[in-house]
$ cat input_10.tsv   # TSV, C-alpha atoms
chain	number	residue	atom	x	y	z
A	35	MET	CA	58.87	-13.38	72.41
A	36	LYS	CA	58.96	-16.22	69.86
A	37	PHE	CA	56.01	-14.97	67.79
A	38	ASP	CA	57.54	-11.49	67.41
A	39	ARG	CA	60.75	-13.11	66.15
A	40	LEU	CA	58.81	-15.20	63.64
A	41	TYR	CA	57.01	-12.13	62.38
A	42	LYS	CA	60.20	-10.12	62.04
A	43	ASN	CA	62.13	-12.96	60.40
A	44	TYR	CA	59.57	-14.21	57.91
A	45	LYS	CA	56.93	-11.59	57.10
A	46	ARG	CA	58.65	-10.51	53.86
A	47	LEU	CA	59.36	-14.06	52.77
A	48	MET	CA	55.79	-15.12	53.45
A	49	PHE	CA	54.38	-12.12	51.60
A	50	GLY	CA	56.65	-12.81	48.63
A	51	ILE	CA	55.47	-16.42	48.47
A	52	ALA	CA	51.83	-15.39	48.80
A	53	TYR	CA	52.13	-12.70	46.13
A	54	ASP	CA	53.91	-15.07	43.73
A	55	ILE	CA	51.08	-17.57	44.07
A	56	LEU	CA	48.06	-15.26	44.29
A	57	LYS	CA	49.24	-12.40	42.04
A	58	ASN	CA	47.25	-9.93	44.12
A	59	GLU	CA	48.58	-7.74	46.93
A	60	GLN	CA	45.40	-7.75	49.04
A	61	ASP	CA	44.98	-11.52	48.77
A	62	ALA	CA	48.66	-11.97	49.63
A	63	GLU	CA	48.24	-9.83	52.74
A	64	ASP	CA	45.17	-11.86	53.74
A	65	ALA	CA	47.09	-15.11	53.23
A	66	VAL	CA	50.03	-13.92	55.35
A	67	GLN	CA	47.66	-12.79	58.10
A	68	GLU	CA	46.00	-16.21	58.09
A	69	ALA	CA	49.41	-17.89	58.10
A	70	PHE	CA	50.50	-15.94	61.17
A	71	ILE	CA	47.29	-16.92	62.93
A	72	ARG	CA	48.10	-20.56	62.21
A	73	LEU	CA	51.69	-20.08	63.34
A	74	ALA	CA	50.44	-18.52	66.58
A	75	ASP	CA	48.10	-21.47	67.09
A	76	ASN	CA	51.06	-23.83	66.66
A	77	ILE	CA	53.74	-21.76	68.38
A	78	ASP	CA	54.53	-24.62	70.76
A	79	LYS	CA	55.69	-26.74	67.78
A	80	ILE	CA	58.41	-24.22	66.96
A	81	ALA	CA	61.48	-24.63	69.12
A	82	ASP	CA	63.50	-21.71	67.79
A	83	ALA	CA	62.13	-18.86	65.65
A	84	ASP	CA	65.51	-18.47	63.96
A	85	SER	CA	65.85	-22.11	62.91
A	86	PRO	CA	65.55	-23.50	59.39
A	87	GLN	CA	62.63	-25.57	60.61
A	88	ALA	CA	60.73	-22.42	61.63
A	89	ARG	CA	61.38	-20.94	58.20
A	90	ASN	CA	60.25	-24.14	56.52
A	91	PHE	CA	57.12	-24.28	58.63
A	92	SER	CA	56.32	-20.66	57.73
A	93	VAL	CA	56.83	-21.37	54.03
A	94	VAL	CA	54.72	-24.50	53.99
A	95	VAL	CA	51.88	-22.91	55.96
A	96	THR	CA	51.82	-19.85	53.72
A	97	ARG	CA	51.96	-21.90	50.57
A	98	ASN	CA	49.13	-24.17	51.62
A	99	ILE	CA	46.91	-21.25	52.59
A	100	CYS	CA	47.51	-19.68	49.18
A	101	PHE	CA	46.69	-22.90	47.34
A	102	ASN	CA	43.50	-23.22	49.36
A	103	MET	CA	42.58	-19.64	48.47
A	104	LEU	CA	43.15	-20.39	44.78
A	105	LYS	CA	40.98	-23.50	44.98
A	106	LYS	CA	38.25	-21.56	46.73
A	107	ARG	CA	38.47	-18.81	44.11
A	108	HIS	CA	38.25	-21.42	41.32
A	109	ILE	CA	35.23	-23.09	42.93
A	110	GLU	CA	33.49	-19.74	43.40
A	111	MET	CA	34.09	-18.88	39.74
A	112	ASP	CA	32.56	-22.21	38.69
A	113	ILE	CA	29.53	-21.58	40.88
A	114	ASP	CA	29.03	-18.04	39.61
A	115	ASP	CA	29.58	-19.11	35.97
A	116	GLU	CA	31.93	-16.19	35.49
A	117	VAL	CA	33.56	-15.86	32.11
A	118	VAL	CA	37.20	-14.86	32.04
A	119	CYS	CA	37.92	-12.46	29.20
A	120	SER	CA	41.09	-13.00	27.26
A	121	ASP	CA	42.55	-12.79	23.79
A	122	ASN	CA	42.34	-16.58	23.52
A	123	SER	CA	39.35	-18.45	22.23
A	124	ALA	CA	37.01	-20.14	24.69
A	125	GLU	CA	38.43	-23.48	23.57
A	126	ASP	CA	42.01	-22.34	24.29
A	127	ASP	CA	40.95	-21.07	27.71
A	128	PHE	CA	39.25	-24.39	28.45
A	129	LEU	CA	42.29	-26.43	27.37
A	130	ALA	CA	44.65	-24.23	29.39
A	131	ALA	CA	42.42	-24.55	32.46
A	132	GLN	CA	42.31	-28.32	32.02
A	133	GLY	CA	46.12	-28.46	31.84
A	134	VAL	CA	46.51	-26.37	34.98
A	135	GLU	CA	43.91	-28.45	36.79
A	136	THR	CA	45.65	-31.68	35.75
A	137	LEU	CA	49.02	-30.39	36.93
A	138	GLU	CA	47.47	-29.27	40.23
A	139	ARG	CA	46.01	-32.75	40.71
A	140	ALA	CA	49.40	-34.28	39.92
A	141	LEU	CA	51.10	-32.09	42.52
A	142	GLU	CA	48.38	-32.77	45.08
A	143	SER	CA	48.83	-36.50	44.55
A	144	LEU	CA	52.44	-36.28	45.70
A	145	PRO	CA	53.35	-37.07	49.28
A	146	GLU	CA	54.15	-33.89	51.20
A	147	LYS	CA	57.89	-34.59	51.35
A	148	TYR	CA	58.00	-34.53	47.54
A	149	ARG	CA	55.76	-31.47	47.21
A	150	ASP	CA	57.91	-29.55	49.68
A	151	ILE	CA	61.22	-30.26	47.95
A	152	LEU	CA	59.74	-29.32	44.56
A	153	TYR	CA	58.24	-26.17	45.99
A	154	LEU	CA	61.50	-25.05	47.54
A	155	THR	CA	63.64	-25.82	44.49
A	156	VAL	CA	61.25	-24.74	41.74
A	157	TYR	CA	59.20	-21.89	43.18
A	158	GLU	CA	61.61	-20.57	45.77
A	159	GLU	CA	64.53	-21.25	43.44
A	160	LEU	CA	66.64	-22.67	46.24
A	161	SER	CA	69.52	-24.93	45.39
A	162	LEU	CA	69.16	-28.57	46.35
A	163	ARG	CA	71.69	-28.02	49.11
A	164	GLU	CA	69.72	-25.07	50.50
A	165	ALA	CA	66.43	-26.97	50.32
A	166	ALA	CA	68.00	-30.02	51.97
A	167	LYS	CA	69.33	-27.91	54.82
A	168	LEU	CA	65.97	-26.18	55.27
A	169	LEU	CA	64.16	-29.50	55.36
A	170	GLY	CA	66.77	-31.07	57.63
A	171	ILE	CA	67.71	-33.82	55.14
A	172	THR	CA	70.91	-34.73	53.33
A	173	TYR	CA	71.77	-33.46	49.89
A	174	GLU	CA	71.54	-37.01	48.50
A	175	ASN	CA	68.10	-37.44	50.04
A	176	ALA	CA	66.97	-34.15	48.46
A	177	LYS	CA	68.22	-35.32	45.05
A	178	SER	CA	66.31	-38.58	45.44
A	179	ARG	CA	63.12	-36.79	46.45
A	180	VAL	CA	63.24	-34.48	43.45
A	181	LYS	CA	63.88	-37.40	41.11
A	182	ARG	CA	61.03	-39.42	42.64
A	183	ALA	CA	58.66	-36.45	42.60
A	184	ARG	CA	59.30	-35.80	38.91
A	185	LYS	CA	58.80	-39.49	38.13
A	186	LYS	CA	55.50	-39.57	40.05
A	187	ILE	CA	54.26	-36.46	38.24
A	188	SER	CA	55.29	-37.91	34.90
A	189	ASP	CA	53.49	-41.18	35.68
A	190	PHE	CA	50.39	-39.31	36.81
A	191	LEU	CA	50.31	-37.20	33.65
A	192	LYS	CA	50.76	-40.30	31.47
A	193	GLU	CA	47.84	-42.00	33.23
A	194	VAL	CA	45.63	-38.98	32.75
A	195	SER	CA	46.51	-38.68	29.07
A	196	TYR	CA	45.43	-42.30	28.49
A	197	GLU	CA	42.02	-41.81	30.13

$ encode --input "input_10.tsv" --output "structure tokens"
Amino acid sequence: MKFDRLYKNYKRLMFGIAYDILKNEQDAEDAVQEAFIRLADNIDKIADADSPQARNFSVVVTRNICFNMLKKRHIEMDIDDEVVCSDNSAEDDFLAAQGVETLERALESLPEKYRDILYLTVYEELSLREAAKLLGITYENAKSRVKRARKKISDFLKEVSYE
């Protein structure tokens, strides 16, 4: 069965991605469970559970679920007015949070094809060749996407700094 193959092939990878993003084992398990539910709902879009495209789909779904969980967590913290304790001053915490939020907005502003190549090369630490193969594009195309993504992020950050 295709779903069983997906589970066997990608459960560790998906958990690793989720844990890297969420930094919490329980949340990572919840994210992977949600990702498999989404994969099951879209099983007809996956031709072969052993293909690079199936792996890519699993990675992208897991990653997006994790980012949504982080956003939800951030929103809930704002609503509850929770204070995060740290060794830094409140001003340092605020500035750090602003920087993270700005970078998140920059990444979210990217078209998906640029976000995916950056995710695979930066977070998954895949080579450009590996990422290109996974995404089903040429090496040259992958290089161009990374270059364009970095330029777009740089432009976004420059715009924000002038506001």

$ atom_distance --input "input_10.tsv" --atom1 "CA of Leu154 in chain A" --atom2 "CA of Phe37 in chain A"
23.3 Å

$ closest_residue --input "input_10.tsv" --among "A:Asp61, A:Asp54, A:Asp78, A:Asp84" --to "Tyr41 in chain A" --atoms "all atoms listed in the file"
A:Asp84

$ residues_around --input "input_10.tsv" --residues "range 166-178 of chain A" --least-positions-apart "3" --cutoff "10 Å" --atoms "all atoms listed in the file" --output "list of chain:residue names"
A:Ser85, A:Pro86, A:Gln87, A:Ala88, A:Arg89, A:Asn90, A:Phe91, A:Lys147, A:Tyr148, A:Asp150, A:Ile151, A:Leu152, A:Leu154, A:Thr155, A:Leu160, A:Ser161, A:Leu162, A:Arg163, A:Lys181, A:Arg182, A:Ala183, A:Arg184

$ axis_aligned_box --input "input_10.tsv" --around "range 66-78 of chain A" --padding-each-side "4 Å" --output "JSON"
{"center_x": 50.3, "center_y": -18.7, "center_z": 63.1, "size_x": 16.5, "size_y": 19.8, "size_z": 23.4}

$ closest_residue --input "input_10.tsv" --among "A:Phe190, A:Tyr153, A:Val95, A:Lys105" --to "Asp75 in chain A" --atoms "only C-alpha atoms"
A:Val95

$ atom_distance --input "input_10.tsv" --atom1 "CA of Phe101 in chain A" --atom2 "CA of Ala52 in chain A"
9.2 Å

$ closest_residue --input "input_10.tsv" --among "A:Tyr44, A:Val93, A:Leu104, A:Leu141" --to "Ala165 in chain A" --atoms "only C-alpha atoms"
A:Val93

$ residues_around --input "input_10.tsv" --residues "Val194 in chain A" --least-positions-apart "5" --cutoff "10 Å" --atoms "all atoms listed in the file" --output "mmCIF file with C-alpha atoms, keeping the file's coordinate frame"
data_model
loop_
_atom_site.group_PDB
_atom_site.id
_atom_site.type_symbol
_atom_site.label_atom_id
_atom_site.label_comp_id
_atom_site.auth_asym_id
_atom_site.auth_seq_id
_atom_site.Cartn_x
_atom_site.Cartn_y
_atom_site.Cartn_z
ATOM 1 C CA THR A 136 45.650 -31.680 35.750
ATOM 2 C CA ALA A 140 49.400 -34.280 39.920
ATOM 3 C CA SER A 188 55.290 -37.910 34.900
ATOM 4 C CA ASP A 189 53.490 -41.180 35.680
#

$ closest_residue --input "input_10.tsv" --among "A:Leu73, A:Leu144, A:Ile51, A:Ile99" --to "Glu159 in chain A" --atoms "all atoms listed in the file"
A:Ile51

$ closest_residue --input "input_10.tsv" --among "A:Leu40, A:Leu47, A:Ile187, A:Val156" --to "Ile80 in chain A" --atoms "all atoms listed in the file"
A:Leu40

$ closest_residue --input "input_10.tsv" --among "A:Met48, A:Ile55, A:Leu137, A:Ala74" --to "Ser92 in chain A" --atoms "all atoms listed in the file"
A:Met48

$ atom_distance --input "input_10.tsv" --atom1 "CA of Glu142 in chain A" --atom2 "CA of Arg46 in chain A"
26.0 Å

$ residues_around --input "input_10.tsv" --residues "Asp64 in chain A" --least-positions-apart "4" --cutoff "12 Å" --atoms "only C-alpha atoms" --output "list in words"
Met48, Phe49, Ala52, Tyr53, Leu56, Asn58, Glu59, Gln60, Glu68, Ala69, Phe70, Ile71, Thr96, Ile99, Cys100 and Met103 of chain A
